[in-house]
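Source file final_28.cif; content: mmCIF, C-alpha atoms.
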```
data_coords
#
loop_
_atom_site.label_atom_id
_atom_site.label_comp_id
_atom_site.auth_asym_id
_atom_site.auth_seq_id
_atom_site.Cartn_x
_atom_site.Cartn_y
_atom_site.Cartn_z
CA MET O 1 84.51 91.71 104.73
CA HIS O 2 83.41 94.81 106.58
CA LEU O 3 86.90 96.29 106.24
CA VAL O 4 87.00 95.68 102.48
CA SER O 5 83.48 97.08 102.00
CA SER O 6 84.43 100.19 103.93
CA PHE O 7 87.41 100.79 101.64
CA GLN O 8 85.23 100.24 98.56
CA LYS O 9 82.92 103.04 99.68
CA HIS O 10 85.88 105.40 99.37
CA GLY O 11 86.39 104.45 95.72
CA LEU O 12 89.55 102.44 96.33
CA ASN O 13 88.64 99.58 94.00
CA ARG O 14 88.16 101.24 90.61
CA LYS O 15 90.48 99.57 88.14
CA LYS O 16 92.50 101.82 85.82
CA ALA O 17 95.33 101.23 83.36
CA GLU O 18 97.90 101.53 86.16
CA THR O 19 97.01 99.83 89.42
CA ILE O 20 98.54 98.46 92.57
CA ARG O 21 97.02 95.32 94.05
CA VAL O 22 96.08 95.85 97.70
CA ILE O 23 95.67 92.80 99.91
CA LEU O 24 94.24 93.52 103.37
CA ASP O 25 95.32 90.32 105.01
CA GLY O 26 94.71 90.71 108.74
CA SER O 27 96.54 88.34 111.11
CA SER O 28 98.56 85.21 110.33
CA THR O 29 101.39 83.31 112.00
CA GLY O 30 104.94 84.44 111.36
CA TYR O 31 105.58 81.35 109.22
CA GLU O 32 102.55 82.09 107.04
CA ASN O 33 103.33 85.78 106.76
CA MET O 34 106.87 85.23 105.51
CA ALA O 35 105.65 82.54 103.09
CA LYS O 36 102.95 84.82 101.69
CA ASP O 37 105.43 87.64 101.11
CA GLU O 38 107.88 85.36 99.32
CA ALA O 39 105.12 83.78 97.22
CA LEU O 40 104.08 87.24 96.02
CA LEU O 41 107.68 87.95 95.04
CA LEU O 42 108.26 84.64 93.25
CA LEU O 43 105.04 84.96 91.24
CA SER O 44 105.20 88.70 90.64
CA ALA O 45 106.41 88.37 87.06
CA SER O 46 103.24 86.52 86.04
CA LEU O 47 101.00 89.50 86.89
CA ASP O 48 103.35 92.39 86.13
CA THR O 49 101.54 94.46 88.76
CA PRO O 50 102.90 95.90 92.02
CA VAL O 51 101.39 94.59 95.26
CA LEU O 52 100.80 96.22 98.64
CA ARG O 53 99.99 93.70 101.36
CA LEU O 54 99.02 94.92 104.84
CA TYR O 55 98.97 92.56 107.80
CA ASN O 56 100.01 91.73 111.35
CA PHE O 57 101.03 88.72 113.43
CA HIS O 58 99.17 86.29 115.65
CA PRO O 59 100.51 84.82 117.82
CA PRO O 60 103.35 87.25 118.60
CA CYS O 61 106.50 86.45 116.68
CA ILE O 62 110.15 87.40 116.37
CA SER O 63 111.39 87.52 112.79
CA ILE O 64 115.16 87.34 112.34
CA GLY O 65 117.07 88.50 109.27
CA ARG O 66 118.01 86.05 106.55
CA SER O 67 121.72 86.19 107.42
CA GLN O 68 121.39 86.54 111.19
CA GLN O 69 122.94 83.94 113.44
CA TYR O 70 120.42 81.78 115.30
CA PRO O 71 119.80 81.80 118.18
CA GLY O 72 122.39 84.56 118.59
CA GLU O 73 121.40 86.65 121.58
CA LEU O 74 117.81 85.40 121.60
CA ASN O 75 116.59 83.69 124.75
CA VAL O 76 114.73 80.89 122.98
CA GLU O 77 113.37 79.39 126.21
CA LYS O 78 111.94 82.73 127.31
CA CYS O 79 110.32 83.23 123.90
CA ALA O 80 108.64 79.83 124.15
CA GLU O 81 107.51 80.59 127.70
CA LYS O 82 105.88 83.81 126.48
CA GLY O 83 104.22 82.12 123.50
CA ILE O 84 106.37 83.98 120.96
CA ASP O 85 107.22 82.18 117.71
CA ILE O 86 110.54 82.68 115.94
CA VAL O 87 110.84 82.73 112.14
CA ARG O 88 113.64 83.58 109.71
CA ARG O 89 112.73 86.20 107.09
CA PRO O 90 113.53 85.96 103.36
CA THR O 91 115.02 89.46 103.72
CA GLY O 92 118.01 90.82 105.61
CA GLY O 93 118.23 92.99 108.70
CA LEU O 94 117.97 92.30 112.42
CA SER O 95 115.35 90.82 114.73
CA ILE O 96 111.91 92.40 115.04
CA LEU O 97 109.40 91.64 117.77
CA HIS O 98 106.00 91.54 116.10
CA MET O 99 103.64 92.40 118.92
CA ASN O 100 101.08 95.22 118.76
CA ASP O 101 102.47 95.98 115.32
CA PHE O 102 101.43 96.90 111.78
CA THR O 103 103.38 95.38 108.90
CA TYR O 104 103.46 96.20 105.20
CA CYS O 105 104.82 94.32 102.20
CA VAL O 106 105.48 95.90 98.81
CA VAL O 107 106.38 93.80 95.78
CA LEU O 108 107.51 95.52 92.57
CA PRO O 109 107.90 93.37 89.43
CA ALA O 110 111.38 93.74 87.94
CA GLN O 111 110.32 93.78 84.32
CA LYS O 112 107.73 96.57 84.65
CA LYS O 113 108.35 98.81 81.65
CA ASP O 114 107.17 101.95 83.37
CA SER O 115 110.25 103.50 84.97
CA ARG O 116 108.32 104.16 88.17
CA PHE O 117 108.53 100.46 88.98
CA ASP O 118 111.99 99.45 87.87
CA LEU O 119 114.78 98.62 90.30
CA ALA O 120 116.24 102.14 90.16
CA SER O 121 113.00 103.62 91.56
CA PHE O 122 113.00 101.47 94.71
CA ALA O 123 113.24 104.62 96.83
CA LEU O 124 109.58 105.27 96.02
CA VAL O 125 108.64 102.66 98.59
CA SER O 126 110.12 104.76 101.38
CA ARG O 127 108.39 107.85 100.01
CA GLY O 128 105.10 105.96 100.07
CA ILE O 129 105.60 105.10 103.74
CA VAL O 130 106.54 108.67 104.62
CA ARG O 131 103.45 109.96 102.80
CA ALA O 132 101.24 107.42 104.59
CA LEU O 133 102.60 108.57 107.94
CA SER O 134 102.00 112.17 106.90
CA ILE O 135 98.34 111.35 106.24
CA LEU O 136 98.20 109.95 109.77
CA GLY O 137 99.65 113.22 111.07
CA ILE O 138 103.25 112.06 111.57
CA LYS O 139 105.98 114.16 109.97
CA ALA O 140 108.51 111.39 109.39
CA GLU O 141 111.59 111.34 107.20
CA VAL O 142 113.94 108.85 105.62
CA ALA O 143 117.24 108.67 107.49
CA VAL O 144 120.06 108.04 105.05
CA ARG O 145 122.88 106.41 106.98
CA LYS O 146 126.14 104.68 106.18
CA MET O 147 126.37 102.99 109.57
CA LYS O 148 126.50 99.22 109.48
CA TYR O 149 125.26 96.90 112.19
CA GLU O 150 127.40 97.12 115.28
CA LYS O 151 128.73 93.81 116.53
CA GLY O 152 126.45 92.28 119.11
CA TYR O 153 123.24 93.98 118.04
CA GLN O 154 120.26 91.65 117.95
CA TRP O 155 117.30 93.98 117.41
CA CYS O 156 116.29 96.10 114.41
CA PHE O 157 114.82 98.78 116.66
CA GLN O 158 118.02 99.16 118.67
CA SER O 159 120.20 100.07 115.68
CA VAL O 160 120.37 102.67 112.92
CA PHE O 161 121.17 101.82 109.34
CA GLY O 162 120.05 101.88 105.72
CA ILE O 163 116.50 102.95 104.93
CA ASP O 164 115.25 103.73 108.41
CA ILE O 165 112.26 106.02 108.71
CA GLU O 166 112.35 108.28 111.75
CA TRP O 167 110.18 110.71 113.67
CA LYS O 168 111.97 113.33 115.76
CA GLY O 169 115.17 111.29 115.63
CA ASN O 170 113.54 108.03 116.72
CA LYS O 171 112.98 105.04 114.47
CA ILE O 172 109.29 104.61 113.68
CA CYS O 173 109.54 102.04 110.90
CA GLY O 174 112.08 99.28 110.40
CA SER O 175 112.30 97.73 106.92
CA ALA O 176 114.18 95.01 105.06
CA GLN O 177 114.43 94.15 101.40
CA ARG O 178 115.28 91.45 98.90
CA VAL O 179 115.97 91.82 95.18
CA GLY O 180 115.11 88.73 93.13
CA LYS O 181 115.06 87.94 89.44
CA ASN O 182 111.29 88.50 89.34
CA GLY O 183 111.18 91.72 91.31
CA ILE O 184 111.75 93.50 94.60
CA LEU O 185 110.32 92.63 97.98
CA GLN O 186 110.34 95.16 100.80
CA HIS O 187 108.52 94.67 104.04
CA GLY O 188 108.65 96.55 107.29
CA THR O 189 107.01 97.05 110.64
CA MET O 190 105.72 99.87 112.82
CA ILE O 191 104.88 99.29 116.46
CA ILE O 192 101.38 100.57 117.30
CA SER O 193 101.76 100.43 121.08
CA ARG O 194 104.75 99.49 123.22
CA PRO O 195 104.75 95.76 124.05
CA ASP O 196 104.43 94.62 127.64
CA ILE O 197 107.65 92.66 127.23
CA SER O 198 110.98 94.34 126.58
CA PHE O 199 113.77 93.38 124.20
CA ALA O 200 116.01 92.73 127.18
CA ASP O 201 113.53 90.18 128.54
CA LEU O 202 113.97 88.14 125.35
CA THR O 203 117.74 88.51 125.17
CA LEU O 204 120.37 86.44 126.95
CA ARG O 205 121.49 88.99 129.50
CA ASN O 206 125.10 87.85 129.54
CA LYS O 207 125.25 88.68 125.81
CA ILE O 208 123.74 92.17 125.86
CA THR O 209 126.28 94.64 124.52
CA GLY O 210 127.49 97.66 126.43
CA SER O 211 126.08 100.11 123.90
CA PRO O 212 123.64 102.71 125.30
CA ARG O 213 121.19 101.49 122.66
CA SER O 214 121.75 97.81 123.27
CA SER O 215 118.45 97.42 125.13
CA GLY O 216 116.63 99.06 122.24
CA GLU O 217 113.95 100.46 124.53
CA ASN O 218 114.77 104.16 124.19
CA TYR O 219 115.45 104.49 120.49
CA PHE O 220 112.24 103.55 118.70
CA VAL O 221 108.89 105.31 118.97
CA THR O 222 105.45 103.74 118.64
CA LEU O 223 102.60 105.18 116.59
CA GLU O 224 100.69 105.89 119.80
CA GLU O 225 103.68 107.74 121.28
CA SER O 226 103.87 109.94 118.18
CA GLY O 227 100.50 111.38 119.21
CA ILE O 228 98.30 110.43 116.26
CA PRO O 229 94.58 110.24 117.11
CA ASN O 230 93.80 106.97 115.30
CA CYS O 231 96.07 103.94 115.65
CA ASP O 232 93.69 101.20 114.56
CA TYR O 233 94.37 98.79 111.71
CA TYR O 234 91.72 100.41 109.47
CA SER O 235 93.08 103.95 109.81
CA ILE O 236 96.69 102.90 109.22
CA SER O 237 95.71 100.71 106.25
CA LYS O 238 93.73 103.51 104.64
CA ALA O 239 96.66 105.91 105.04
CA PHE O 240 99.04 103.39 103.43
CA ILE O 241 96.73 102.85 100.48
CA LEU O 242 96.26 106.56 99.90
CA GLY O 243 99.96 107.27 100.41
CA PHE O 244 101.09 104.72 97.85
CA GLN O 245 98.39 105.77 95.39
CA GLU O 246 99.68 109.31 95.54
CA VAL O 247 103.41 108.59 95.40
CA LEU O 248 103.28 105.85 92.78
CA LYS O 249 100.54 107.65 90.81
CA VAL O 250 98.42 104.52 90.52
CA GLU O 251 94.93 103.43 91.49
CA ALA O 252 94.54 100.98 94.37
CA LEU O 253 92.67 97.81 93.46
CA LEU O 254 91.44 95.80 96.44
CA ASP O 255 92.28 92.21 95.72
CA HIS O 256 92.74 88.73 97.19
CA PHE O 257 95.42 86.08 96.86
CA ARG O 258 95.22 84.16 93.61
CA PRO O 259 94.97 80.33 93.79
CA ASP O 260 98.59 79.90 92.66
CA GLU O 261 99.78 82.37 95.33
CA ILE O 262 97.84 80.49 98.02
CA GLU O 263 99.23 77.15 96.87
CA LEU O 264 102.83 78.37 96.80
CA SER O 265 102.57 80.15 100.16
CA GLU O 266 101.22 76.97 101.77
CA GLU O 267 104.12 74.99 100.30
CA LEU O 268 106.62 77.56 101.58
CA THR O 269 105.01 77.64 105.02
CA ALA O 270 105.31 73.90 105.57
CA GLY O 271 108.44 73.18 103.55
CA LYS O 272 110.57 76.21 104.36
CA TYR O 273 109.49 78.58 107.10
CA MET O 274 108.45 75.90 109.58
CA ASN O 275 111.57 73.90 108.69
CA GLU O 276 114.09 73.80 111.55
CA SER O 277 117.00 73.85 109.11
CA TRP O 278 115.80 77.15 107.60
CA LEU O 279 115.41 78.71 111.02
CA LYS O 280 118.82 77.56 112.26
CA TYR O 281 120.97 77.92 109.16
CA GLY O 282 119.05 79.87 106.50
CA HIS O 283 118.81 76.94 104.11
CA PHE O 284 116.67 73.80 103.88
#
```

As structure tokens, the full file:
Amino acid sequence: MHLVSSFQKHGLNRKKAETIRVILDGSSTGYENMAKDEALLLLSASLDTPVLRLYNFHPPCISIGRSQQYPGELNVEKCAEKGIDIVRRPTGGLSILHMNDFTYCVVLPAQKKDSRFDLASFALVSRGIVRALSILGIKAEVAVRKMKYEKGYQWCFQSVFGIDIEWKGNKICGSAQRVGKNGILQHGTMIISRPDISFADLTLRNKITGSPRSSGENYFVTLEESGIPNCDYYSISKAFILGFQEVLKVEALLDHFRPDEIELSEELTAGKYMNESWLKYGHF
């Protein structure tokens, strides 16, 4: 409540004709987080309003891409020993270790008549992230790459592809997306401080590739390592809200989950994301 009240003092809740719903969601399990994101996508057509959800993970979690093989290179026993959950995302991409991280979710309704929110303007999401990082004092840029995943890669932050956002040549934000009939879902993660555990510690060592980036430890950069003075959840959230307001030319409206979104996310949590068949095979 204190966090929301603090944002309201900065005038971030005045409703105008064009708004973006902002949900400051704090910490949830990986299963709940993926269910909440998908629920927002599936119900987006009913509100016809873009959504920006900001959150993190507790307990620590590894999210794997929708089409990734499970367990692949993951050392499942080591993850369990360290208290790290594993969940399959509704989006593509490679594995992300959600520990000491900040995660965003943007949902854009497909039928929005304003051209700023149609499928062709999806690149605005990346511009919003870059602007948010600029507000934090990080001069990041979108890296446009044609490189596909190299065989054997397990981790998002050990590879370069697609819509990566980089700072001084190092990945600072890894994102994934899904286009559905109701709209677009994009979510992504930035690491605030380097985890105590390495990617290699959670990978079956006899399956680590010979690539110089296979360990993933030397390619990504954390927000702390970029030298910004404030790396707390409040400061990053405020920068994201202001960045998306500016790029999308909308007013941020602080909001909460609607009853139907809560109900659907709870159904998805129990029936899909905690379902062993979904984790293992990507269907249930």

- Skipping near chain neighbours, those fewer than 6 positions away, what residues fall within 10 Å of range 73-86 of chain O using all atoms listed in the file, listed as a ChimeraX atom specification? /O:29-31,57-64,95-99,152-155,197,199-209,273-274,279

- Message: Please list as a list of chain:residue names every residue within 8 Å of Leu223 in chain O, counting all atoms listed in the file and excluding residues in the same chain fewer than 3 positions away.
- Response: O:Ile172, O:Met190, O:Ile191, O:Ile192, O:Ser193, O:Ser226, O:Gly227, O:Ile228, O:Cys231

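You will find CA of Gln69 in chain O at 11.5 Å from CA of Trp278 in chain O.
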
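Using all atoms listed in the file for every distance, the candidate list O:Gly128, O:Ile23, O:Thr269, O:Tyr104 yields O:Gly128 as the residue closest to Val250 in chain O.
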
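Counting all atoms listed in the file, the residue from O:Ile262, O:Leu42, O:Ala132, O:Val22 that sits nearest to Ile184 in chain O is O:Leu42.
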
- Message: From the options O:Arg88, O:Lys168, O:Arg178, O:Lys36, which residue's atoms come nearest to Ala110 in chain O, counting all atoms listed in the file?
- Response: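 Nearest to Ala110 in chain O: O:Arg178.
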
- Query: Quick one, how far is CA of Asn170 in chain O from CA of Glu141 in chain O?
  - Reply: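 Value for the CA of Asn170 in chain O-CA of Glu141 in chain O distance: 10.3 Å.
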
- Distance CA of Cys156 in chain O-CA of Lys171 in chain O, one decimal place?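 A separation of 9.5 Å between them.
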
- Query: Contacts of Pro109 in chain O at 7 Å or less, counting all atoms listed in the file, minus same-chain residues fewer than 5 places along, as an MDAnalysis selection string?
  - Reply: chainID O and resid 44:45 48:50 182:184

- So, counting only C-alpha atoms, which residue among O:Arg194, O:Arg66, O:Arg53, O:Lys238 is closest to Leu133 in chain O?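 Comparing O:Arg194, O:Arg66, O:Arg53, O:Lys238 against Leu133 in chain O, the winner is O:Lys238.
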
Pull out every residue that the PyMOL selection byres ((chain O and resi 255) around 9) matches in the shown coordinates and put them as a PDB file with C-alpha atoms, in the frame of the given file.
```
ATOM      1  CA  ASN O  13      88.640  99.580  94.000  1.00  0.00           C
ATOM      2  CA  ARG O  21      97.020  95.320  94.050  1.00  0.00           C
ATOM      3  CA  VAL O  22      96.080  95.850  97.700  1.00  0.00           C
ATOM      4  CA  ILE O  23      95.670  92.800  99.910  1.00  0.00           C
ATOM      5  CA  LEU O  24      94.240  93.520 103.370  1.00  0.00           C
ATOM      6  CA  LEU O 253      92.670  97.810  93.460  1.00  0.00           C
ATOM      7  CA  LEU O 254      91.440  95.800  96.440  1.00  0.00           C
ATOM      8  CA  HIS O 256      92.740  88.730  97.190  1.00  0.00           C
ATOM      9  CA  PHE O 257      95.420  86.080  96.860  1.00  0.00           C
ATOM     10  CA  ARG O 258      95.220  84.160  93.610  1.00  0.00           C
TER      11      ARG O 258
END
```

- Identify, on the basis of all atoms listed in the file, every residue whose closest approach to Phe284 in chain O does not exceed 8 Å; exclude the query and any residue fewer than 5 positions from it along the same chain; express the result as number ranges by chain. O: 272, 275, 277-278

- Item | Shortest interatomic distance to Gly271 in chain O - which of O:Ala35, O:Asp101, O:Gly188, O:Asp25, counting all atoms listed in the file | O:Ala35

- Please evaluate the PyMOL selection byres ((chain O and resi 91) around 8) against the displayed coordinates and give the resulting residues as a ChimeraX atom specification. /O:65-66,89-90,92-93,176-178,186

Taking C-alpha atoms for each residue, export the selection above as a PDB file, in the frame of the given file.
```pdb
ATOM      1  CA  GLY O  65     117.070  88.500 109.270  1.00  0.00           C
ATOM      2  CA  ARG O  66     118.010  86.050 106.550  1.00  0.00           C
ATOM      3  CA  ARG O  89     112.730  86.200 107.090  1.00  0.00           C
ATOM      4  CA  PRO O  90     113.530  85.960 103.360  1.00  0.00           C
ATOM      5  CA  GLY O  92     118.010  90.820 105.610  1.00  0.00           C
ATOM      6  CA  GLY O  93     118.230  92.990 108.700  1.00  0.00           C
ATOM      7  CA  ALA O 176     114.180  95.010 105.060  1.00  0.00           C
ATOM      8  CA  GLN O 177     114.430  94.150 101.400  1.00  0.00           C
ATOM      9  CA  ARG O 178     115.280  91.450  98.900  1.00  0.00           C
ATOM     10  CA  GLN O 186     110.340  95.160 100.800  1.00  0.00           C
TER      11      GLN O 186
END
```
